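Chemist: I have a structure here, written as structure tokens, and I will follow up with some questions on it.
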Amino acid sequence: MRRATRWDRVRYWFDRTMSRGTPALIGWLGLASAGLVVVVATAAVFLTPRDSADNGHWLGMVWRSLLRTLDPGTMGDDTGTGPFLALMLVATIGGIFIVSSLIGVITTGLEGKITELRKGRSRIVEHGHTVLLGWSEQVFTVVAELVEANQSKRRSCVAILANRDKVEMEDAIRDRVGDLGRTRIVCRTGDPLKVADVELVSPGTARSIMIVTPEIDDADTRVIKVLLSLGSRTWGRNRPHVVAAVHDSANLPAARLAGGGSAHVIDADDVAIRLIVQSHRQSGLSQVCTDLLDFAGHEFYMRREPDLDGRTFGASLAAYDLGIPSGLRRADGTVLLNPPMDTVIRADDEVIVLAEDDLLIRLASAPPPPVRESAITTATPREPVPERTLMLGWNHRAPKIIELLDEFLAPGSALMVAAPREDPTGRLRPCDGLKIDFVRAEPTERPSLESLDVGSYQHIIVLSEEGFDREHADARTLVTLLHLRDMEDALGDPFAIVSEINDDANREIAQVTKADDFVVSEKLISLMLTQLSENRHLYDVFVDLLDPAGSEIYLKPACDYLAPGAEADFATLIESARRRGEVALGYRLTERFHEPPAYGVVLNPDKTAPLTLSADDRVIVLAES
């Protein structure tokens, strides 16, 4: 084998410098330019001393050679001997080649840099931003909510890292979200599972990190891997909190173990199931929950109120001009939703307030409006009675839904499951008080529905069928709802319908079916994750709201609080609920039940505005039962 010579080493060194890219090429061209100028100037001094003396000797010749190298037109005014003009021509011709090469190198370098920027592989430098890891339809809901939440901030940033083209992501967000207000969206291309790629979005200086659930099979495994990847990273003093969701309850322990103490992992299935069951019991609940989670509506905020130190929670209900106290967060982190009315507020407590915006929360500067005692009524005790429920369709959530129905419904209640499949109810655990029957039927076919005697049921649950893509499943649900609406009109409105929808875009289409509740679980999970990314302490509030053992949201008959048709105001309604140990959050007007966008739901209204409720209206309260 031939030994490497000195010339080989020089060539290897030169090749290595050239491979460093545009800066190295510009450096070599600069050296070539300097060499040409020096050589020409030196040759002129020795070969044409008189012309050199007329042009400032060596330093002057260096200057003139440099000008001719950079601008060939400068040579047009040259005078002197033949050798002098020949040297100037050499400088000019050499300059033409060098400058042309320099322009080409710079142009290529700029194009390469622009291409690199379009690839989204540069590291961002932000502080206090929100990071989204991954890409799915969930991104558009989350970004829209963050834009709404950041309207009152001078500057905010959302950084997205996903295995997609940067420009495509930015274009999709502009098309789907629209006006971004004061929020900047920065997209980077990379794999959230790779630590080096995650560094592109500066997670160490972020306020929060949200793991987007991908639209793939076994998405929970991907979410858990990302949680593990974040857990292996070395964090600084201010570690951001991480929020994520899993769609299979069996994966929740593994996800929480992978995320560690700084991560809040939501059980999406459990949230959807509980909302379906509670909406089955209380028509309109899904719209209330959507309003509470949507930044465009009313949300829960936490703030210290030293002026309320020593006052009871019941007394604080009348202490705000704008905003409704709903609970307390103690200094040790304990959350108390709708605590006993005699609970004393401490100086270090945070009051959980329902308000349209945190900037609008203010304590009353004047005494509260007088309570209209004549409008307040006493609730009529109602014993639970057995109910009949029809479940159309079947999916993996159905067994848990049936378990909760068995827990909540009065003994002797009956459930009929109708689905186009073999009987799946035989594998369920025995129910305590709920009688379950099954019939094979096709919910999208009118004769099948008519054979079920739907008028004999008080409640109907329409589940999204498994085995179809999201759009096809929603289309089947819409067809079923149209049949039910037509049958309901003929029968005189005998039942309430709760329907499961996959895509929120289909909810607007589904309004024509006039179902009582549409549970769009994907959107609700996206809204909940966005709320947690803005305030991690709201996690305990949401857990308490969904826990049957704590205080929940109920829509109760208005006649239990105010005399039907009596003139009152919301302050009087708050007082009536307080006397029952409950917090009134708003009301729902039955006559506006099917009018978008609020569907009759009014949260946190003006406390002094005139209010008259009918017996069919509902009062939205936080209560134990």
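By order of appearance in the structure tokens: chains A, B, ..., then residues from 1 within every chain, and ligands from 1 in the order shown.
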Find the spatial neighbours of region 282-292 of chain A, counting only C-alpha atoms, within a cut-off of 7 Å - ignore same-chain residues fewer than 3 positions away - and output them as a PDB file with N, CA and C atoms, in the first residue's frame.
Modeler:
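Output below, filename result_3.pdb:
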```pdb
ATOM      1  N   LEU A 275     -69.058  11.410  31.161  1.00  0.00           N
ATOM      2  CA  LEU A 275     -69.857  12.486  30.597  1.00  0.00           C
ATOM      3  C   LEU A 275     -71.092  11.925  29.887  1.00  0.00           C
ATOM      4  N   GLN A 278     -73.485  10.882  32.737  1.00  0.00           N
ATOM      5  CA  GLN A 278     -74.075  12.023  33.427  1.00  0.00           C
ATOM      6  C   GLN A 278     -75.006  12.804  32.506  1.00  0.00           C
ATOM      7  N   SER A 279     -74.671  12.880  31.208  1.00  0.00           N
ATOM      8  CA  SER A 279     -75.566  13.544  30.266  1.00  0.00           C
ATOM      9  C   SER A 279     -76.846  12.738  30.096  1.00  0.00           C
ATOM     10  N   GLY A 297     -65.594  30.727  26.387  1.00  0.00           N
ATOM     11  CA  GLY A 297     -66.727  30.814  27.297  1.00  0.00           C
ATOM     12  C   GLY A 297     -66.287  31.235  28.684  1.00  0.00           C
ATOM     13  N   HIS A 298     -66.750  30.502  29.691  1.00  0.00           N
ATOM     14  CA  HIS A 298     -66.416  30.786  31.088  1.00  0.00           C
ATOM     15  C   HIS A 298     -65.547  29.658  31.622  1.00  0.00           C
ATOM     16  N   GLU A 299     -64.526  30.029  32.385  1.00  0.00           N
ATOM     17  CA  GLU A 299     -63.583  29.050  32.905  1.00  0.00           C
ATOM     18  C   GLU A 299     -63.391  29.256  34.408  1.00  0.00           C
ATOM     19  N   ASP A 516     -80.584  15.691  22.412  1.00  0.00           N
ATOM     20  CA  ASP A 516     -80.451  16.501  23.618  1.00  0.00           C
ATOM     21  C   ASP A 516     -78.997  16.810  23.948  1.00  0.00           C
ATOM     22  N   ASP A 517     -78.108  15.865  23.740  1.00  0.00           N
ATOM     23  CA  ASP A 517     -76.690  16.068  24.050  1.00  0.00           C
ATOM     24  C   ASP A 517     -75.827  15.383  23.012  1.00  0.00           C
ATOM     25  N   PHE A 518     -74.758  16.078  22.620  1.00  0.00           N
ATOM     26  CA  PHE A 518     -73.742  15.483  21.763  1.00  0.00           C
ATOM     27  C   PHE A 518     -72.437  15.473  22.550  1.00  0.00           C
ATOM     28  N   VAL A 519     -71.909  14.295  22.805  1.00  0.00           N
ATOM     29  CA  VAL A 519     -70.658  14.163  23.546  1.00  0.00           C
ATOM     30  C   VAL A 519     -69.534  13.995  22.527  1.00  0.00           C
ATOM     31  N   LEU A 524     -63.501  17.557  23.851  1.00  0.00           N
ATOM     32  CA  LEU A 524     -63.482  17.808  25.283  1.00  0.00           C
ATOM     33  C   LEU A 524     -62.122  17.505  25.892  1.00  0.00           C
ATOM     34  N   TYR A 554     -74.858  19.635  38.257  1.00  0.00           N
ATOM     35  CA  TYR A 554     -76.212  19.117  38.062  1.00  0.00           C
ATOM     36  C   TYR A 554     -77.063  20.194  37.392  1.00  0.00           C
ATOM     37  N   LEU A 555     -77.994  19.740  36.580  1.00  0.00           N
ATOM     38  CA  LEU A 555     -79.012  20.618  36.014  1.00  0.00           C
ATOM     39  C   LEU A 555     -80.342  20.224  36.643  1.00  0.00           C
ATOM     40  N   VAL A 601     -77.798  27.498  27.371  1.00  0.00           N
ATOM     41  CA  VAL A 601     -76.976  27.539  28.580  1.00  0.00           C
ATOM     42  C   VAL A 601     -76.493  28.966  28.839  1.00  0.00           C
TER      43      VAL A 601
END
```
Chemist: Among region 138-265 of chain A, which residues carry a DSSP assignment of alpha helix (DSSP H), reported as a CSV table (one decimal) with all heavy atoms, in the first residue's frame?
Modeler:
```
chain,number,residue,atom,x,y,z
A,138,GLN,N,-56.2,17.2,16.8
A,138,GLN,CA,-56.3,17.8,18.1
A,138,GLN,C,-55.5,19.1,18.1
A,138,GLN,O,-55.9,20.0,18.9
A,138,GLN,CB,-55.6,16.8,19.1
A,138,GLN,CG,-55.8,17.2,20.6
A,138,GLN,CD,-55.1,16.2,21.5
A,138,GLN,OE1,-54.0,15.9,21.4
A,138,GLN,NE2,-55.9,15.6,22.4
A,139,VAL,N,-54.5,19.2,17.3
A,139,VAL,CA,-53.6,20.4,17.3
A,139,VAL,C,-54.5,21.7,17.0
A,139,VAL,O,-54.3,22.7,17.6
A,139,VAL,CB,-52.5,20.3,16.2
A,139,VAL,CG1,-51.8,21.6,16.0
A,139,VAL,CG2,-51.5,19.3,16.7
A,140,PHE,N,-55.4,21.6,16.1
A,140,PHE,CA,-56.2,22.8,15.7
A,140,PHE,C,-57.0,23.3,16.8
A,140,PHE,O,-57.1,24.5,17.0
A,140,PHE,CB,-57.0,22.5,14.4
A,140,PHE,CG,-56.2,22.0,13.3
A,140,PHE,CD1,-56.3,20.7,12.8
A,140,PHE,CD2,-55.3,22.8,12.6
A,140,PHE,CE1,-55.6,20.2,11.8
A,140,PHE,CE2,-54.5,22.3,11.6
A,140,PHE,CZ,-54.7,21.0,11.1
A,141,THR,N,-57.7,22.4,17.5
A,141,THR,CA,-58.5,22.8,18.7
A,141,THR,C,-57.6,23.4,19.8
A,141,THR,O,-57.9,24.5,20.3
A,141,THR,CB,-59.2,21.6,19.3
A,141,THR,OG1,-60.1,21.0,18.3
A,141,THR,CG2,-60.0,22.0,20.5
A,142,VAL,N,-56.5,22.8,20.0
A,142,VAL,CA,-55.6,23.3,21.1
A,142,VAL,C,-55.0,24.7,20.7
A,142,VAL,O,-55.0,25.6,21.6
A,142,VAL,CB,-54.4,22.3,21.3
A,142,VAL,CG1,-53.4,22.9,22.3
A,142,VAL,CG2,-54.9,21.0,21.9
A,143,VAL,N,-54.5,24.8,19.5
A,143,VAL,CA,-54.0,26.1,19.1
A,143,VAL,C,-55.0,27.2,19.1
A,143,VAL,O,-54.8,28.3,19.6
A,143,VAL,CB,-53.4,26.0,17.7
A,143,VAL,CG1,-53.0,27.4,17.1
A,143,VAL,CG2,-52.1,25.1,17.7
A,144,ALA,N,-56.3,26.9,18.7
A,144,ALA,CA,-57.3,27.9,18.7
A,144,ALA,C,-57.6,28.3,20.1
A,144,ALA,O,-57.9,29.5,20.4
A,144,ALA,CB,-58.6,27.3,18.0
A,145,GLU,N,-57.6,27.4,21.1
A,145,GLU,CA,-57.9,27.7,22.5
A,145,GLU,C,-56.8,28.5,23.1
A,145,GLU,O,-57.0,29.4,23.8
A,145,GLU,CB,-58.1,26.4,23.3
A,145,GLU,CG,-59.4,25.7,22.9
A,145,GLU,CD,-60.6,26.6,23.2
A,145,GLU,OE1,-60.7,27.1,24.4
A,145,GLU,OE2,-61.4,26.8,22.3
A,146,LEU,N,-55.5,28.2,22.7
A,146,LEU,CA,-54.4,28.9,23.3
A,146,LEU,C,-54.4,30.3,22.7
A,146,LEU,O,-54.0,31.3,23.4
A,146,LEU,CB,-53.1,28.2,22.9
A,146,LEU,CG,-52.8,26.9,23.7
A,146,LEU,CD1,-51.6,26.2,23.1
A,146,LEU,CD2,-52.7,27.1,25.2
A,147,VAL,N,-54.8,30.5,21.5
A,147,VAL,CA,-54.9,31.9,20.9
A,147,VAL,C,-55.9,32.7,21.7
A,147,VAL,O,-55.7,33.8,22.0
A,147,VAL,CB,-55.2,31.8,19.4
A,147,VAL,CG1,-55.6,33.2,18.9
A,147,VAL,CG2,-54.1,31.2,18.6
A,148,GLU,N,-57.0,32.0,22.0
A,148,GLU,CA,-58.1,32.7,22.7
A,148,GLU,C,-57.6,33.0,24.1
A,148,GLU,O,-57.9,34.1,24.7
A,148,GLU,CB,-59.3,31.8,22.8
A,148,GLU,CG,-60.5,32.5,23.5
A,148,GLU,CD,-61.1,33.6,22.7
A,148,GLU,OE1,-61.0,33.6,21.4
A,148,GLU,OE2,-61.7,34.5,23.3
A,149,ALA,N,-56.9,32.1,24.8
A,149,ALA,CA,-56.5,32.3,26.1
A,149,ALA,C,-55.4,33.4,26.2
A,149,ALA,O,-55.3,34.1,27.3
A,149,ALA,CB,-55.9,31.0,26.7
A,166,LYS,N,-42.5,21.5,7.9
A,166,LYS,CA,-42.8,22.7,8.6
A,166,LYS,C,-43.8,23.7,7.9
A,166,LYS,O,-44.7,24.2,8.6
A,166,LYS,CB,-41.4,23.5,8.9
A,166,LYS,CG,-41.5,24.9,9.4
A,166,LYS,CD,-40.2,25.5,9.5
A,166,LYS,CE,-40.2,26.9,10.0
A,166,LYS,NZ,-40.9,27.9,9.1
A,167,VAL,N,-43.6,23.9,6.7
A,167,VAL,CA,-44.4,24.8,5.9
A,167,VAL,C,-45.8,24.2,5.8
A,167,VAL,O,-46.8,25.0,6.0
A,167,VAL,CB,-43.8,25.0,4.5
A,167,VAL,CG1,-44.8,25.9,3.7
A,167,VAL,CG2,-42.5,25.6,4.6
A,168,GLU,N,-46.0,22.9,5.7
A,168,GLU,CA,-47.3,22.3,5.6
A,168,GLU,C,-48.0,22.5,6.9
A,168,GLU,O,-49.2,22.8,7.0
A,168,GLU,CB,-47.2,20.8,5.3
A,168,GLU,CG,-46.8,20.5,3.9
A,168,GLU,CD,-46.8,19.0,3.6
A,168,GLU,OE1,-47.1,18.3,4.6
A,168,GLU,OE2,-46.4,18.6,2.5
A,169,MET,N,-47.3,22.4,8.1
A,169,MET,CA,-48.0,22.6,9.4
A,169,MET,C,-48.4,24.0,9.5
A,169,MET,O,-49.6,24.3,10.0
A,169,MET,CB,-47.0,22.2,10.5
A,169,MET,CG,-46.7,20.7,10.6
A,169,MET,SD,-45.8,20.2,12.1
A,169,MET,CE,-44.2,20.8,11.7
A,170,GLU,N,-47.6,25.0,9.2
A,170,GLU,CA,-47.9,26.4,9.3
A,170,GLU,C,-49.1,26.7,8.4
A,170,GLU,O,-50.0,27.5,8.9
A,170,GLU,CB,-46.7,27.2,9.0
A,170,GLU,CG,-45.6,27.1,10.1
A,170,GLU,CD,-44.3,27.8,9.6
A,170,GLU,OE1,-44.2,28.2,8.5
A,170,GLU,OE2,-43.5,28.0,10.5
A,171,ASP,N,-49.1,26.2,7.2
A,171,ASP,CA,-50.2,26.5,6.3
A,171,ASP,C,-51.5,25.9,6.8
A,171,ASP,O,-52.6,26.6,6.7
A,171,ASP,CB,-49.9,26.0,4.9
A,171,ASP,CG,-48.8,26.8,4.2
A,171,ASP,OD1,-48.5,27.9,4.6
A,171,ASP,OD2,-48.2,26.3,3.2
A,172,ALA,N,-51.5,24.7,7.3
A,172,ALA,CA,-52.7,24.1,7.8
A,172,ALA,C,-53.2,24.8,9.0
A,172,ALA,O,-54.5,25.0,9.1
A,172,ALA,CB,-52.3,22.6,8.2
A,173,ILE,N,-52.4,25.3,9.9
A,173,ILE,CA,-52.8,26.1,11.1
A,173,ILE,C,-53.5,27.4,10.6
A,173,ILE,O,-54.5,27.8,11.1
A,173,ILE,CB,-51.7,26.3,12.0
A,173,ILE,CG1,-51.3,25.0,12.7
A,173,ILE,CG2,-52.1,27.3,13.1
A,173,ILE,CD1,-50.1,25.1,13.6
A,174,ARG,N,-52.9,28.1,9.7
A,174,ARG,CA,-53.4,29.3,9.2
A,174,ARG,C,-54.8,29.1,8.5
A,174,ARG,O,-55.7,29.9,8.7
A,174,ARG,CB,-52.5,30.0,8.2
A,174,ARG,CG,-51.4,30.8,8.8
A,174,ARG,CD,-50.7,31.7,7.8
A,174,ARG,NE,-50.0,30.9,6.9
A,174,ARG,CZ,-48.7,30.5,7.0
A,174,ARG,NH1,-48.0,30.9,8.0
A,174,ARG,NH2,-48.1,29.8,6.0
A,175,ASP,N,-54.9,28.0,7.8
A,175,ASP,CA,-56.2,27.7,7.1
A,175,ASP,C,-57.3,27.3,8.1
A,175,ASP,O,-58.4,27.7,8.0
A,175,ASP,CB,-56.0,26.6,6.1
A,175,ASP,CG,-55.1,27.0,4.9
A,175,ASP,OD1,-55.0,28.2,4.7
A,175,ASP,OD2,-54.6,26.1,4.2
A,176,ARG,N,-57.0,26.5,9.1
A,176,ARG,CA,-58.0,25.9,10.0
A,176,ARG,C,-58.3,26.9,11.2
A,176,ARG,O,-59.4,26.9,11.7
A,176,ARG,CB,-57.5,24.6,10.5
A,176,ARG,CG,-57.4,23.5,9.4
A,176,ARG,CD,-58.7,23.0,9.0
A,176,ARG,NE,-59.4,22.3,10.2
A,176,ARG,CZ,-59.1,21.0,10.4
A,176,ARG,NH1,-58.3,20.3,9.7
A,176,ARG,NH2,-59.7,20.4,11.5
A,177,VAL,N,-57.2,27.6,11.7
A,177,VAL,CA,-57.4,28.4,12.9
A,177,VAL,C,-57.8,29.8,12.5
A,177,VAL,O,-58.6,30.5,13.2
A,177,VAL,CB,-56.2,28.3,13.8
A,177,VAL,CG1,-56.4,29.2,15.0
A,177,VAL,CG2,-55.9,26.9,14.2
A,195,VAL,N,-34.5,12.8,21.7
A,195,VAL,CA,-34.2,13.9,22.6
A,195,VAL,C,-33.6,15.0,21.9
A,195,VAL,O,-33.9,16.2,22.1
A,195,VAL,CB,-33.2,13.4,23.7
A,195,VAL,CG1,-32.8,14.5,24.6
A,195,VAL,CG2,-33.9,12.3,24.6
A,196,ALA,N,-32.7,14.8,20.9
A,196,ALA,CA,-32.1,15.8,20.1
A,196,ALA,C,-33.1,16.7,19.4
A,196,ALA,O,-33.0,17.9,19.3
A,196,ALA,CB,-31.0,15.2,19.2
A,197,ASP,N,-34.1,16.0,18.8
A,197,ASP,CA,-35.2,16.7,18.1
A,197,ASP,C,-36.0,17.6,19.0
A,197,ASP,O,-36.4,18.7,18.7
A,197,ASP,CB,-36.0,15.7,17.3
A,197,ASP,CG,-35.3,15.2,16.1
A,197,ASP,OD1,-34.2,15.6,15.8
A,197,ASP,OD2,-35.9,14.3,15.4
A,198,VAL,N,-36.3,17.0,20.2
A,198,VAL,CA,-37.1,17.8,21.2
A,198,VAL,C,-36.4,19.1,21.6
A,198,VAL,O,-37.1,20.1,21.9
A,198,VAL,CB,-37.4,16.9,22.4
A,198,VAL,CG1,-38.1,17.7,23.5
A,198,VAL,CG2,-38.3,15.7,22.0
A,219,ALA,N,-52.1,4.3,19.7
A,219,ALA,CA,-51.6,5.6,20.0
A,219,ALA,C,-51.1,5.8,21.4
A,219,ALA,O,-50.1,6.5,21.7
A,219,ALA,CB,-52.7,6.7,19.7
A,220,ASP,N,-51.7,5.0,22.4
A,220,ASP,CA,-51.2,5.2,23.8
A,220,ASP,C,-49.8,4.8,23.9
A,220,ASP,O,-49.1,5.4,24.7
A,220,ASP,CB,-52.1,4.3,24.7
A,220,ASP,CG,-53.5,4.9,24.9
A,220,ASP,OD1,-53.8,6.0,24.3
A,220,ASP,OD2,-54.3,4.2,25.5
A,221,THR,N,-49.3,3.8,23.2
A,221,THR,CA,-47.9,3.3,23.3
A,221,THR,C,-47.0,4.5,22.9
A,221,THR,O,-46.0,4.7,23.5
A,221,THR,CB,-47.7,2.1,22.4
A,221,THR,OG1,-48.5,1.0,22.8
A,221,THR,CG2,-46.3,1.7,22.4
A,222,ARG,N,-47.4,5.2,21.8
A,222,ARG,CA,-46.6,6.3,21.4
A,222,ARG,C,-46.6,7.4,22.4
A,222,ARG,O,-45.5,8.0,22.7
A,222,ARG,CB,-47.2,6.9,20.1
A,222,ARG,CG,-46.6,8.1,19.5
A,222,ARG,CD,-45.3,7.8,18.7
A,222,ARG,NE,-44.8,9.1,18.1
A,222,ARG,CZ,-43.7,9.1,17.3
A,222,ARG,NH1,-43.2,7.9,17.0
A,222,ARG,NH2,-43.3,10.2,16.8
A,223,VAL,N,-47.7,7.7,23.0
A,223,VAL,CA,-47.7,8.7,24.1
A,223,VAL,C,-46.8,8.3,25.3
A,223,VAL,O,-46.1,9.1,25.8
A,223,VAL,CB,-49.2,8.9,24.6
A,223,VAL,CG1,-49.2,9.8,25.8
A,223,VAL,CG2,-50.0,9.5,23.5
A,224,ILE,N,-46.9,7.1,25.7
A,224,ILE,CA,-46.1,6.6,26.8
A,224,ILE,C,-44.6,6.7,26.4
A,224,ILE,O,-43.8,7.1,27.3
A,224,ILE,CB,-46.5,5.1,27.1
A,224,ILE,CG1,-47.9,5.1,27.7
A,224,ILE,CG2,-45.5,4.5,28.1
A,224,ILE,CD1,-48.4,3.7,27.9
A,225,LYS,N,-44.2,6.4,25.2
A,225,LYS,CA,-42.8,6.5,24.8
A,225,LYS,C,-42.3,7.9,24.9
A,225,LYS,O,-41.2,8.2,25.3
A,225,LYS,CB,-42.6,6.0,23.4
A,225,LYS,CG,-42.7,4.4,23.2
A,225,LYS,CD,-42.5,4.0,21.8
A,225,LYS,CE,-42.5,2.5,21.6
A,225,LYS,NZ,-42.4,2.1,20.2
A,226,VAL,N,-43.2,8.9,24.4
A,226,VAL,CA,-42.8,10.3,24.5
A,226,VAL,C,-42.6,10.7,26.0
A,226,VAL,O,-41.7,11.4,26.3
A,226,VAL,CB,-43.8,11.2,23.8
A,226,VAL,CG1,-43.5,12.7,24.0
A,226,VAL,CG2,-43.9,10.8,22.3
A,227,LEU,N,-43.5,10.2,26.9
A,227,LEU,CA,-43.4,10.5,28.3
A,227,LEU,C,-42.1,10.0,28.8
A,227,LEU,O,-41.4,10.6,29.6
A,227,LEU,CB,-44.6,9.9,29.0
A,227,LEU,CG,-45.9,10.6,28.9
A,227,LEU,CD1,-47.0,9.8,29.5
A,227,LEU,CD2,-45.9,12.0,29.6
A,228,LEU,N,-41.7,8.8,28.4
A,228,LEU,CA,-40.4,8.2,28.9
A,228,LEU,C,-39.3,9.0,28.3
A,228,LEU,O,-38.3,9.3,29.1
A,228,LEU,CB,-40.3,6.8,28.4
A,228,LEU,CG,-41.1,5.7,29.1
A,228,LEU,CD1,-41.1,4.4,28.4
A,228,LEU,CD2,-40.6,5.6,30.5
A,229,SER,N,-39.4,9.5,27.1
A,229,SER,CA,-38.3,10.3,26.5
A,229,SER,C,-38.1,11.6,27.3
A,229,SER,O,-37.0,12.0,27.6
A,229,SER,CB,-38.6,10.6,25.0
A,229,SER,OG,-37.6,11.5,24.5
A,230,LEU,N,-39.2,12.2,27.7
A,230,LEU,CA,-39.1,13.5,28.5
A,230,LEU,C,-38.6,13.2,29.9
A,230,LEU,O,-37.9,14.0,30.4
A,230,LEU,CB,-40.5,14.1,28.6
A,230,LEU,CG,-41.1,14.7,27.3
A,230,LEU,CD1,-42.5,15.2,27.5
A,230,LEU,CD2,-40.2,15.8,26.7
A,231,GLY,N,-39.0,12.0,30.4
A,231,GLY,CA,-38.5,11.6,31.7
A,231,GLY,C,-37.0,11.4,31.8
A,231,GLY,O,-36.4,11.6,32.8
A,252,LEU,N,-53.3,3.7,31.7
A,252,LEU,CA,-53.2,4.8,32.5
A,252,LEU,C,-52.0,4.7,33.6
A,252,LEU,O,-51.2,5.6,33.7
A,252,LEU,CB,-54.5,5.2,33.2
A,252,LEU,CG,-54.5,6.5,34.0
A,252,LEU,CD1,-54.2,7.7,33.2
A,252,LEU,CD2,-55.8,6.6,34.7
A,253,PRO,N,-52.0,3.5,34.3
A,253,PRO,CA,-50.9,3.4,35.3
A,253,PRO,C,-49.5,3.5,34.7
A,253,PRO,O,-48.6,4.2,35.2
A,253,PRO,CB,-51.1,2.0,35.9
A,253,PRO,CG,-52.6,1.8,35.7
A,253,PRO,CD,-52.9,2.4,34.4
A,254,ALA,N,-49.3,2.8,33.5
A,254,ALA,CA,-48.0,2.9,32.8
A,254,ALA,C,-47.7,4.3,32.4
A,254,ALA,O,-46.5,4.7,32.5
A,254,ALA,CB,-48.0,1.9,31.6
A,255,ALA,N,-48.7,5.0,31.9
A,255,ALA,CA,-48.4,6.4,31.4
A,255,ALA,C,-48.1,7.3,32.6
A,255,ALA,O,-47.2,8.1,32.4
A,255,ALA,CB,-49.7,6.9,30.7
A,256,ARG,N,-48.7,7.2,33.7
A,256,ARG,CA,-48.4,8.0,34.8
A,256,ARG,C,-47.1,7.7,35.4
A,256,ARG,O,-46.4,8.6,35.9
A,256,ARG,CB,-49.5,7.9,35.9
A,256,ARG,CG,-50.8,8.6,35.5
A,256,ARG,CD,-51.9,8.5,36.5
A,256,ARG,NE,-53.1,9.3,36.1
A,256,ARG,CZ,-54.3,9.3,36.6
A,256,ARG,NH1,-54.5,8.4,37.6
A,256,ARG,NH2,-55.2,10.1,36.2
A,257,LEU,N,-46.7,6.4,35.4
A,257,LEU,CA,-45.4,6.0,35.9
A,257,LEU,C,-44.3,6.6,35.0
A,257,LEU,O,-43.3,7.1,35.4
A,257,LEU,CB,-45.3,4.5,35.9
A,257,LEU,CG,-44.0,3.9,36.5
A,257,LEU,CD1,-43.7,4.4,37.9
A,257,LEU,CD2,-43.9,2.4,36.4
A,258,ALA,N,-44.6,6.6,33.6
A,258,ALA,CA,-43.6,7.1,32.7
A,258,ALA,C,-43.5,8.6,32.8
A,258,ALA,O,-42.4,9.2,32.7
A,258,ALA,CB,-44.0,6.7,31.3
A,259,GLY,N,-44.6,9.3,33.1
A,259,GLY,CA,-44.6,10.7,33.1
A,259,GLY,C,-44.0,11.3,34.4
A,259,GLY,O,-43.4,12.4,34.4
```
Chemist: Please determine, counting only C-alpha atoms, which residue among A:Leu529, A:Ala623, A:Ile160, A:Leu482 has the shortest atom-to-atom distance to Arg579 (chain A).
Modeler: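 Residue with the minimum atom-to-atom distance to Arg579 (chain A): A:Ala623.
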Chemist: Which parts of region 590-622 of chain A does DSSP call strand (DSSP E) when run on the backbone here, written out as a list in words?
Modeler: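 Written out, the strand (DSSP E) residues of region 590-622 of chain A are Val601, Val602, Leu603, Pro610, Leu611, Arg618, Val619, Ile620, Val621 and Leu622 of chain A.
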Chemist: So which residues touch Ser625 (chain A) within 10 Å, counting only C-alpha atoms, skipping near sequence neighbours fewer than 2 positions away, as a count of residues only?
Modeler: 10
Chemist: For Ser208 (chain A), which residue among A:Ala91, A:Met416, A:Val344, A:Asn535 is the nearest when counting only C-alpha atoms?
Modeler: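 With only C-alpha atoms as the atom set, the closest residue is A:Asn535.
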Chemist: What lies within 12 Å of Leu589 (chain A) using only C-alpha atoms, ignoring chain neighbours under 5 positions off, as a list in words?
Modeler: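 Final neighbour list, sorted by chain and number: Ser283, Gly284, Leu555, Lys556, Pro557, Ala558, His594, Glu595, Ala598, Tyr599, Gly600, Val601, Val602, Leu603, Leu611, Thr612, Leu613, Ser614, Ala615, Asp616, Asp617, Arg618, Val619 and Ile620 of chain A.
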Chemist: Just write the chosen residues, C-alpha atoms, as a CSV table (one decimal), in the first residue's frame.
Modeler:
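Saved the output as selection34.csv:
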```
chain,number,residue,atom,x,y,z
A,283,SER,CA,-79.9,16.8,29.5
A,284,GLY,CA,-77.6,19.7,28.6
A,555,LEU,CA,-79.0,20.6,36.0
A,556,LYS,CA,-82.0,20.7,38.4
A,557,PRO,CA,-85.5,21.9,37.9
A,558,ALA,CA,-85.8,25.6,38.3
A,594,HIS,CA,-81.7,23.9,20.2
A,595,GLU,CA,-80.4,27.4,19.4
A,598,ALA,CA,-75.1,28.2,23.6
A,599,TYR,CA,-78.1,25.9,23.3
A,600,GLY,CA,-79.9,27.7,26.1
A,601,VAL,CA,-77.0,27.5,28.6
A,602,VAL,CA,-76.2,30.8,30.5
A,603,LEU,CA,-73.3,30.7,32.8
A,611,LEU,CA,-84.6,36.8,35.7
A,612,THR,CA,-87.7,34.8,35.2
A,613,LEU,CA,-87.6,31.0,34.9
A,614,SER,CA,-90.3,28.6,34.0
A,615,ALA,CA,-90.9,25.2,35.5
A,616,ASP,CA,-89.3,23.5,32.5
A,617,ASP,CA,-86.0,25.5,32.8
A,618,ARG,CA,-83.0,24.1,34.6
A,619,VAL,CA,-80.6,25.6,37.2
A,620,ILE,CA,-76.9,24.7,36.8
```
Chemist: Considering only C-alpha atoms, state which residue in the set A:Ala379, A:Glu407, A:Ser365, A:Gly204 is at the smallest distance from Ala563 (chain A).
Modeler: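 Among A:Ala379, A:Glu407, A:Ser365, A:Gly204, it is A:Ala379 that comes nearest to Ala563 (chain A).
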Chemist: Using only C-alpha atoms for the distances, tell me which of A:Ala32, A:Ala347, A:Cys187, A:Val125 is nearest to Leu102 (chain A).
Modeler: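 Answer, going by the shortest atom-to-atom distance: A:Ala32.
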